[in-house]
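What follows is one structure encoded as structure tokens, with my remarks underneath.
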Amino acid sequence: MLPAGNFISGITPDDVSALHPSWADDVQSHGPWIQDGEMWRGASTGITAIVAVDTCETTMETVRGLVESEVLGDWGALVSGVQTGGRGQLRRPWASLPGNLHASIALPDAPVRGEWAEALAPLLPLVVGYVVCSVLEEQAAGLKIKWPNDILQDGRKVGGMLIEERNGKSILGLGLNLAGFPPEEELREDHSVPAAKMAIPYPSGGPLTLLERLVNRGKSVYEIMLDEIPPTRFIAMVESRLAWMGRTIRVLEGNEAPYEAVVTGLSLGGGLVVLREGDEKVLYSGSISPL
């Protein structure tokens with residue numbers, strides 16, 4: 001299993017630098033890079049292993065392979081310059097632009113005892129969304145969680161998350177628009193909000209630097225939360241970051257006709273609680289957009 005540190009696999013540091021100017025900054029700031037077998041190892045103050053590649057089909061499948069072959073452990077991560085088959089919710093295509101963050105992280109198993117033992121599985125998308133936004137808030141203000149797994153800034157989509165569980169192991173896929181975003185005409189017809197580049201007033205590095213911060217700070221926030229904050233209190237905390245809280249939204253569920261409802265909160269099962277014509281309803285799937 002790889003020790004803690006930053007690694008480049010399959011290419012050289014010079015190849016990584018050519019991907020995008022922000023990657024060139026990362027290569028320089030994390031040097032010197034020393035060849036270690038088939039990989040290059042760079043400087044790091046991290047507590048886990050992060051592997052960088054120039055391209056892959058999806059970071060989620062690549063990380064899963066590294067976990068199953070015991071190359072990466074819990075919180076181990078992979079970041080790719082581009083993805084050839086990136087996907088989002090419902091396996092929709094995810095645009096992978098050079099300079100953006102395309103990464104996946106191996107999440108730890110749920111606790112075996114305590115309040116979170118049963119509560120974590122249904123709340124995991126909201127937990128990681130809260131953790132990611134908490135860490136990003138140190139650099140980028142005004143971030144909101146669009147239920148169930150998007151990140152908004154000033155009402156526009158700047159990132160997305162996807163969790164896939166297989167053989168008892170959950171992998172978090174994370175995409176952030178750091179350098180660019182797809183134009184309106186390239187978004188699917190039923191997209192709920194326009195895309196945007198994340199506004200970071202004081203950027204301090206590229207995709208590798210940001211992922212290192214997300215993994216290391218995120219691990220700390222995650223562990224403290226599960227140790228000290230009960231699920232009921234967490235719900236109140238994540239509601240404070242929930243997009244369109246108290247506002248009227250348009251809901252599309254399956255083949256049902258669209259309807260209007262007011263966002264009133266979240267359930268302990270991870271569902272979105274809405275008020276529709278005076279009746280409370282909990283959504284566990286579907287698409288929502290602001291009115």
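Letters A, B, ... go to the chains of the structure tokens in the order shown; residues in each chain start at 1; ligands are counted from 1 in the same order.
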
Review point. Counting only C-alpha atoms, what is within 7 Å of A:His30, bar same-chain residues fewer than 4 positions away, as a PyMOL selection string?
Key: chain A and resi 26+42-44

Give me a file of those residues, with N, CA and C atoms, as a JSON list (two decimals), in the first residue's frame.
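This is the output file again13.json:
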[["chain", "number", "residue", "atom", "x", "y", "z"],
["A", 26, "ASP", "N", 1.23, 23.28, -9.52],
["A", 26, "ASP", "CA", 1.24, 22.18, -8.55],
["A", 26, "ASP", "C", 2.53, 21.38, -8.60],
["A", 42, "GLY", "N", 6.48, 13.17, -4.89],
["A", 42, "GLY", "CA", 6.76, 14.56, -4.60],
["A", 42, "GLY", "C", 6.64, 14.88, -3.13],
["A", 43, "ALA", "N", 6.97, 16.12, -2.80],
["A", 43, "ALA", "CA", 6.89, 16.56, -1.41],
["A", 43, "ALA", "C", 5.43, 16.66, -0.99],
["A", 44, "SER", "N", 5.15, 16.36, 0.27],
["A", 44, "SER", "CA", 3.79, 16.42, 0.79],
["A", 44, "SER", "C", 3.82, 16.49, 2.30]]

Practice item. Find the spatial neighbours of A:Pro201, counting only C-alpha atoms, within a cut-off of 10 Å - ignore same-chain residues fewer than 3 positions away - and output them as a list of chain:residue names. Key: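 Residues near the query, excluding close chain neighbours: A:Gln139, A:Ala140, A:Ala141, A:Met198, A:Ser204.
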
Writing out the chosen residues with all heavy atoms as a PDB file, in the first residue's frame:
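Generated file (selection.pdb):
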ATOM      1  N   GLN A 139     -11.783  29.034   1.269  1.00  0.00           N
ATOM      2  CA  GLN A 139     -11.272  29.767   0.108  1.00  0.00           C
ATOM      3  C   GLN A 139     -12.381  30.399  -0.736  1.00  0.00           C
ATOM      4  O   GLN A 139     -12.179  31.447  -1.334  1.00  0.00           O
ATOM      5  CB  GLN A 139     -10.454  28.825  -0.791  1.00  0.00           C
ATOM      6  CG  GLN A 139      -9.135  28.386  -0.210  1.00  0.00           C
ATOM      7  CD  GLN A 139      -8.398  27.492  -1.187  1.00  0.00           C
ATOM      8  OE1 GLN A 139      -8.637  26.308  -1.267  1.00  0.00           O
ATOM      9  NE2 GLN A 139      -7.503  28.089  -1.953  1.00  0.00           N
ATOM     10  N   ALA A 140     -13.521  29.719  -0.815  1.00  0.00           N
ATOM     11  CA  ALA A 140     -14.592  30.171  -1.704  1.00  0.00           C
ATOM     12  C   ALA A 140     -15.876  30.356  -0.906  1.00  0.00           C
ATOM     13  O   ALA A 140     -16.408  29.398  -0.351  1.00  0.00           O
ATOM     14  CB  ALA A 140     -14.809  29.157  -2.827  1.00  0.00           C
ATOM     15  N   ALA A 141     -16.366  31.588  -0.835  1.00  0.00           N
ATOM     16  CA  ALA A 141     -17.531  31.888  -0.004  1.00  0.00           C
ATOM     17  C   ALA A 141     -18.830  31.597  -0.740  1.00  0.00           C
ATOM     18  O   ALA A 141     -18.873  31.473  -1.965  1.00  0.00           O
ATOM     19  CB  ALA A 141     -17.492  33.358   0.416  1.00  0.00           C
ATOM     20  N   MET A 198     -15.868  28.135 -10.261  1.00  0.00           N
ATOM     21  CA  MET A 198     -15.850  28.486  -8.846  1.00  0.00           C
ATOM     22  C   MET A 198     -15.005  29.737  -8.618  1.00  0.00           C
ATOM     23  O   MET A 198     -13.865  29.822  -9.085  1.00  0.00           O
ATOM     24  CB  MET A 198     -15.310  27.331  -8.006  1.00  0.00           C
ATOM     25  CG  MET A 198     -15.330  27.604  -6.506  1.00  0.00           C
ATOM     26  SD  MET A 198     -14.739  26.193  -5.536  1.00  0.00           S
ATOM     27  CE  MET A 198     -16.088  25.043  -5.806  1.00  0.00           C
ATOM     28  N   SER A 204      -4.608  29.219  -4.146  1.00  0.00           N
ATOM     29  CA  SER A 204      -3.277  28.868  -3.635  1.00  0.00           C
ATOM     30  C   SER A 204      -2.766  27.579  -4.251  1.00  0.00           C
ATOM     31  O   SER A 204      -2.027  26.832  -3.617  1.00  0.00           O
ATOM     32  CB  SER A 204      -3.330  28.723  -2.110  1.00  0.00           C
ATOM     33  OG  SER A 204      -4.292  27.755  -1.720  1.00  0.00           O
TER      34      SER A 204
END

Review point. So, counting only C-alpha atoms, which residue among A:Leu214, A:Val193, A:Ala179, A:Val128 is closest to A:Ser289?
Key: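 Closest to A:Ser289, using only C-alpha atoms: A:Val193.
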
Review point. Near A:Leu266, within 7 Å and counting only C-alpha atoms, which residues show up once chain neighbours fewer than 3 positions away are dropped, as a PyMOL selection string?
Key: chain A and resi 235+239+270-273

Go ahead and dump the residues you just picked, N, CA, C and O atoms, as a PDB file, in the first residue's frame.
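To be explicit, this is the file written out as again.pdb:
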ATOM      1  N   ILE A 235     -28.293  17.194  10.824  1.00  0.00           N
ATOM      2  CA  ILE A 235     -29.342  17.601   9.890  1.00  0.00           C
ATOM      3  C   ILE A 235     -29.546  19.112   9.954  1.00  0.00           C
ATOM      4  O   ILE A 235     -29.643  19.795   8.920  1.00  0.00           O
ATOM      5  N   GLU A 239     -28.755  21.749   6.893  1.00  0.00           N
ATOM      6  CA  GLU A 239     -29.859  22.579   6.408  1.00  0.00           C
ATOM      7  C   GLU A 239     -29.435  24.038   6.261  1.00  0.00           C
ATOM      8  O   GLU A 239     -29.952  24.752   5.403  1.00  0.00           O
ATOM      9  N   GLY A 270     -32.112  11.177   4.795  1.00  0.00           N
ATOM     10  CA  GLY A 270     -31.412  11.844   3.701  1.00  0.00           C
ATOM     11  C   GLY A 270     -32.315  12.402   2.625  1.00  0.00           C
ATOM     12  O   GLY A 270     -31.840  12.903   1.616  1.00  0.00           O
ATOM     13  N   GLY A 271     -33.635  12.327   2.831  1.00  0.00           N
ATOM     14  CA  GLY A 271     -34.561  12.848   1.845  1.00  0.00           C
ATOM     15  C   GLY A 271     -34.786  14.342   2.000  1.00  0.00           C
ATOM     16  O   GLY A 271     -34.538  14.926   3.055  1.00  0.00           O
ATOM     17  N   LEU A 272     -35.270  14.961   0.924  1.00  0.00           N
ATOM     18  CA  LEU A 272     -35.593  16.385   0.934  1.00  0.00           C
ATOM     19  C   LEU A 272     -37.058  16.532   1.343  1.00  0.00           C
ATOM     20  O   LEU A 272     -37.953  15.966   0.709  1.00  0.00           O
ATOM     21  N   VAL A 273     -37.306  17.300   2.400  1.00  0.00           N
ATOM     22  CA  VAL A 273     -38.664  17.505   2.895  1.00  0.00           C
ATOM     23  C   VAL A 273     -39.236  18.754   2.234  1.00  0.00           C
ATOM     24  O   VAL A 273     -38.630  19.831   2.286  1.00  0.00           O
TER      25      VAL A 273
END

Review point. Smallest atom-to-atom distance to A:Asp15: which of A:Gly246, A:Gly168, A:Gly81, A:Pro183, using only C-alpha atoms?
Key: A:Gly81
